[in-house]
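Raw contents of target-v5.cif, mmCIF, C-alpha atoms:
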data_data
#
loop_
_atom_site.label_atom_id
_atom_site.label_comp_id
_atom_site.auth_asym_id
_atom_site.auth_seq_id
_atom_site.Cartn_x
_atom_site.Cartn_y
_atom_site.Cartn_z
CA MET A 1 -14.00 -25.68 -32.42
CA ARG A 2 -15.57 -22.26 -31.98
CA ASN A 3 -17.83 -23.42 -29.16
CA THR A 4 -14.83 -24.58 -27.15
CA SER A 5 -13.08 -21.24 -27.41
CA ARG A 6 -16.26 -19.43 -26.40
CA SER A 7 -16.77 -21.69 -23.40
CA GLN A 8 -13.13 -21.22 -22.36
CA SER A 9 -13.40 -17.43 -22.57
CA ALA A 10 -16.70 -17.53 -20.67
CA CYS A 11 -15.09 -19.70 -18.01
CA LYS A 12 -12.17 -17.28 -17.69
CA LEU A 13 -14.63 -14.40 -17.41
CA ASN A 14 -16.51 -16.22 -14.62
CA VAL A 15 -13.27 -16.85 -12.73
CA ASN A 16 -12.36 -13.17 -12.95
CA GLU A 17 -15.84 -12.19 -11.80
CA ALA A 18 -15.50 -14.57 -8.86
CA LYS A 19 -12.18 -12.94 -7.92
CA ILE A 20 -13.76 -9.50 -8.08
CA ASP A 21 -16.82 -10.57 -6.08
CA SER A 22 -14.74 -12.21 -3.36
CA MET A 23 -12.52 -9.15 -2.95
CA ARG A 24 -15.16 -6.45 -3.33
CA ARG A 25 -15.87 -6.38 0.40
CA PHE A 26 -12.16 -5.77 1.10
CA LEU A 27 -11.34 -3.39 -1.72
CA ILE A 28 -14.14 -0.89 -1.16
CA PRO A 29 -13.28 -0.14 2.51
CA ILE A 30 -9.57 0.10 1.63
CA LEU A 31 -10.37 2.49 -1.22
CA LEU A 32 -12.46 4.62 1.15
CA LEU A 33 -9.72 4.53 3.79
CA SER A 34 -7.19 5.59 1.17
CA LEU A 35 -9.38 8.46 0.01
CA VAL A 36 -10.01 9.69 3.57
CA SER A 37 -6.29 9.44 4.37
CA TRP A 38 -5.36 11.51 1.32
CA VAL A 39 -8.00 14.11 2.22
CA VAL A 40 -6.68 14.38 5.81
CA PHE A 41 -3.09 14.48 4.57
CA GLY A 42 -3.95 17.21 2.04
CA TYR A 43 -5.81 19.21 4.67
CA ILE A 44 -2.81 19.08 7.00
CA VAL A 45 -0.39 20.09 4.24
CA TRP A 46 -2.45 22.98 2.87
CA GLN A 47 -4.29 24.31 5.93
CA ILE A 48 -1.86 24.10 8.84
CA PRO A 49 0.83 26.76 8.69
CA PRO A 50 4.44 25.54 8.65
CA THR A 51 5.53 28.12 11.21
CA ILE A 52 3.69 28.04 14.52
CA PRO A 53 3.41 31.22 16.59
CA PRO A 54 5.27 31.06 19.94
CA GLU A 55 2.09 31.40 22.00
CA ILE A 56 0.96 27.93 20.92
CA ASN A 57 2.48 25.20 23.08
CA ASP A 58 4.75 22.41 21.87
CA ASN A 59 2.10 19.68 22.28
CA PHE A 60 0.19 21.20 19.38
CA ILE A 61 3.24 20.88 17.14
CA THR A 62 3.83 17.27 18.21
CA ILE A 63 0.20 16.33 17.54
CA ASN A 64 0.37 17.91 14.07
CA PHE A 65 3.49 15.88 13.26
CA ILE A 66 1.74 12.73 14.42
CA TYR A 67 -1.34 13.49 12.29
CA PHE A 68 0.88 14.33 9.32
CA PHE A 69 2.93 11.14 9.49
CA VAL A 70 0.08 8.77 10.37
CA SER A 71 -2.22 10.05 7.61
CA GLY A 72 0.68 10.11 5.14
CA TRP A 73 1.72 6.57 6.05
CA LEU A 74 -1.83 5.26 5.78
CA ALA A 75 -2.44 7.05 2.46
CA ILE A 76 0.79 5.79 0.89
CA THR A 77 0.33 2.25 2.23
CA THR A 78 -3.21 1.83 0.93
CA THR A 79 -2.53 3.51 -2.41
CA ILE A 80 0.59 1.46 -3.15
CA GLY A 81 -1.18 -1.71 -1.92
CA ILE A 82 -4.16 -1.20 -4.22
CA PHE A 83 -1.90 -0.31 -7.14
CA LEU A 84 0.26 -3.42 -6.68
CA TYR A 85 -2.84 -5.60 -6.30
CA LEU A 86 -4.34 -4.34 -9.54
CA VAL A 87 -1.04 -4.60 -11.41
CA HIS A 88 -0.62 -8.18 -10.20
CA PHE A 89 -3.96 -9.27 -11.61
CA LEU A 90 -3.42 -7.26 -14.77
CA PHE A 91 -0.26 -9.23 -15.59
CA ASP A 92 -1.28 -12.47 -13.87
CA ASP A 93 -0.90 -15.66 -15.82
CA SER A 94 -2.06 -18.25 -13.31
CA SER A 95 -2.17 -21.03 -15.89
CA LYS A 96 1.64 -21.13 -15.98
CA LYS A 97 2.03 -21.02 -12.22
CA ARG A 98 1.47 -23.85 -9.80
CA LEU A 99 -1.31 -22.81 -7.46
CA GLU A 100 -0.56 -23.44 -3.81
CA LEU A 101 -3.83 -22.10 -2.50
CA GLU A 102 -7.43 -22.70 -3.28
CA GLU A 103 -8.55 -20.37 -6.07
CA SER A 104 -10.93 -18.46 -3.78
CA LEU A 105 -8.19 -17.69 -1.20
CA ARG A 106 -5.56 -16.58 -3.71
CA PRO A 107 -6.81 -12.96 -4.19
CA ARG A 108 -6.74 -12.42 -0.42
CA LYS A 109 -3.14 -13.61 -0.21
CA VAL A 110 -2.15 -11.33 -3.09
CA PHE A 111 -3.98 -8.42 -1.44
CA ARG A 112 -2.20 -8.99 1.90
CA THR A 113 1.13 -9.22 0.10
CA SER A 114 0.43 -5.98 -1.76
CA LEU A 115 -0.54 -4.17 1.44
CA ARG A 116 2.59 -5.48 3.16
CA ARG A 117 4.77 -4.15 0.35
CA GLY A 118 2.96 -0.82 0.49
CA ALA A 119 3.50 -0.63 4.25
CA ILE A 120 7.21 -1.40 3.91
CA PHE A 121 7.58 1.26 1.21
CA ALA A 122 5.63 3.85 3.21
CA THR A 123 7.60 3.10 6.38
CA ALA A 124 10.90 3.50 4.54
CA LEU A 125 9.74 6.72 2.89
CA LEU A 126 8.49 8.27 6.13
CA SER A 127 11.61 7.14 7.98
CA LEU A 128 13.61 9.11 5.45
CA GLY A 129 11.32 12.05 6.26
CA PHE A 130 12.05 11.67 9.98
CA LEU A 131 15.76 11.68 9.22
CA LYS A 132 15.31 14.89 7.22
CA ILE A 133 13.39 16.58 10.05
CA TYR A 134 16.06 15.79 12.64
CA GLY A 135 18.95 16.64 10.32
CA LEU A 136 20.26 13.09 10.13
CA ASP A 137 19.75 12.57 6.42
CA ASN A 138 22.88 11.53 4.63
CA LEU A 139 23.74 8.92 2.06
CA LEU A 140 24.80 6.26 4.57
CA ASN A 141 21.65 6.51 6.72
CA SER A 142 19.42 6.53 3.63
CA ALA A 143 21.16 3.47 2.19
CA PHE A 144 20.86 1.77 5.58
CA LEU A 145 17.07 2.37 5.72
CA ILE A 146 16.54 1.23 2.15
CA GLY A 147 18.63 -1.89 2.83
CA ILE A 148 16.55 -2.70 5.91
CA ALA A 149 13.33 -2.31 3.90
CA LEU A 150 14.67 -4.62 1.18
CA LEU A 151 15.77 -7.23 3.72
CA ILE A 152 12.35 -7.18 5.39
CA GLU A 153 10.66 -7.72 2.02
CA VAL A 154 13.05 -10.54 1.09
CA TYR A 155 12.40 -12.20 4.45
CA PHE A 156 8.62 -12.09 4.07
CA SER A 157 8.71 -13.08 0.39
CA SER A 158 10.77 -16.17 1.11
CA ARG A 159 8.33 -17.50 3.71
#
Once you've parsed the file, please lay out its structure as structure tokens.
Amino acid sequence: MRNTSRSQSACKLNVNEAKIDSMRRFLIPILLLSLVSWVVFGYIVWQIPPTIPPEINDNFITINFIYFFVSGWLAITTTIGIFLYLVHFLFDDSSKKRLELEESLRPRKVFRTSLRRGAIFATALLSLGFLKIYGLDNLLNSAFLIGIALLIEVYFSSR
């Protein structure tokens, strides 16, 4: 009886190691991209002054906004994606679920789904920031953006 439980736990450990090994080549670059994005985002927030002197042209301001929003979007997307991926496998109980994919392809599908959800969240959050910058932030516009983000996620989840 004891040998069976040991072999089952060893088998489960091997499956988890296989999941980690198959995703290691995707997780490490995404972790590095996330770290670099947060460093660039932090540099922009703390080092670039919020008020620009008049002698600097408007293209400089536009480029700073682009850097700010692109690095912020990338940092939030990758961080939320990695977090959702790890939470999914922390609470995963694949024995109760019917597997549609081969076991080796399943972590990739979960990772893509997590990154998609992170991208939708980051896009909605930064769209709210754009509304704030242009003075268009009110309850109706915010609810509209959040509703669009939820509809996009429902559409992709139902496929």
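You can rank A:Ile120, A:Pro107, A:Ile133, A:Phe89 by their closest distance to Val154 in chain A using all atoms listed in the file, and at the top of that list sits A:Ile120.
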**Request:** Spell out the residues picked by the PyMOL selection byres ((chain A and resi 110) around 10) here, as a list in words.
**Result:**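 After applying the PyMOL selection byres ((chain A and resi 110) around 10), what remains is Gly81, Leu84, Tyr85, Leu86, His88, Phe89, Leu105, Arg106, Pro107, Arg108, Lys109, Phe111, Arg112, Thr113, Ser114, Leu115 and Arg116 of chain A.
Residues with any atom within 12 Å of the point (-2.0, 13.3, 11.7), counting only C-alpha atoms, are Val36, Ser37, Trp38, Val39, Val40, Phe41, Gly42, Tyr43, Ile44, Val45, Ile48, Phe60, Ile61, Thr62, Ile63, Asn64, Phe65, Ile66, Tyr67, Phe68, Phe69, Val70, Ser71, Gly72, Trp73, Leu74 and Ala75 of chain A.
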Which residues, written as a PDB file with C-alpha atoms, in the coordinates of the input, have at least one atom at most 12 Å from Asn141 in chain A, with all atoms listed in the file counted and residues fewer than 5 positions away on the same chain left out?
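Output file out14.pdb follows:
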ATOM      1  CA  ALA A 124      10.900   3.500   4.540  1.00  0.00           C
ATOM      2  CA  SER A 127      11.610   7.140   7.980  1.00  0.00           C
ATOM      3  CA  LEU A 128      13.610   9.110   5.450  1.00  0.00           C
ATOM      4  CA  GLY A 129      11.320  12.050   6.260  1.00  0.00           C
ATOM      5  CA  PHE A 130      12.050  11.670   9.980  1.00  0.00           C
ATOM      6  CA  LEU A 131      15.760  11.680   9.220  1.00  0.00           C
ATOM      7  CA  LYS A 132      15.310  14.890   7.220  1.00  0.00           C
ATOM      8  CA  GLY A 135      18.950  16.640  10.320  1.00  0.00           C
ATOM      9  CA  LEU A 136      20.260  13.090  10.130  1.00  0.00           C
ATOM     10  CA  ILE A 146      16.540   1.230   2.150  1.00  0.00           C
ATOM     11  CA  GLY A 147      18.630  -1.890   2.830  1.00  0.00           C
ATOM     12  CA  ILE A 148      16.550  -2.700   5.910  1.00  0.00           C
TER      13      ILE A 148
END
**Residues within 12 Å of Leu150 in chain A, all atoms listed in the file, excluding chain neighbours under 6 positions, as a ChimeraX atom specification** = /A:117,120-121,123-124,143-144,156-157
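CA of Thr79 in chain A is found 14.7 Å from CA of Leu126 in chain A.
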**Request:** Give me, please, the distance in Å between CA of Ser34 in chain A and CA of Thr77 in chain A, quoted to one decimal.
**Result:**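 Separation between CA of Ser34 in chain A and CA of Thr77 in chain A: 8.3 Å.
Across the model, the gap from CA of Val87 in chain A to CA of Arg24 in chain A is 16.4 Å.
Checking A:Tyr155, A:Tyr134, A:Trp46, A:Phe83 one by one against Leu31 in chain A, counting all atoms listed in the file, you find the shortest gap at A:Phe83.
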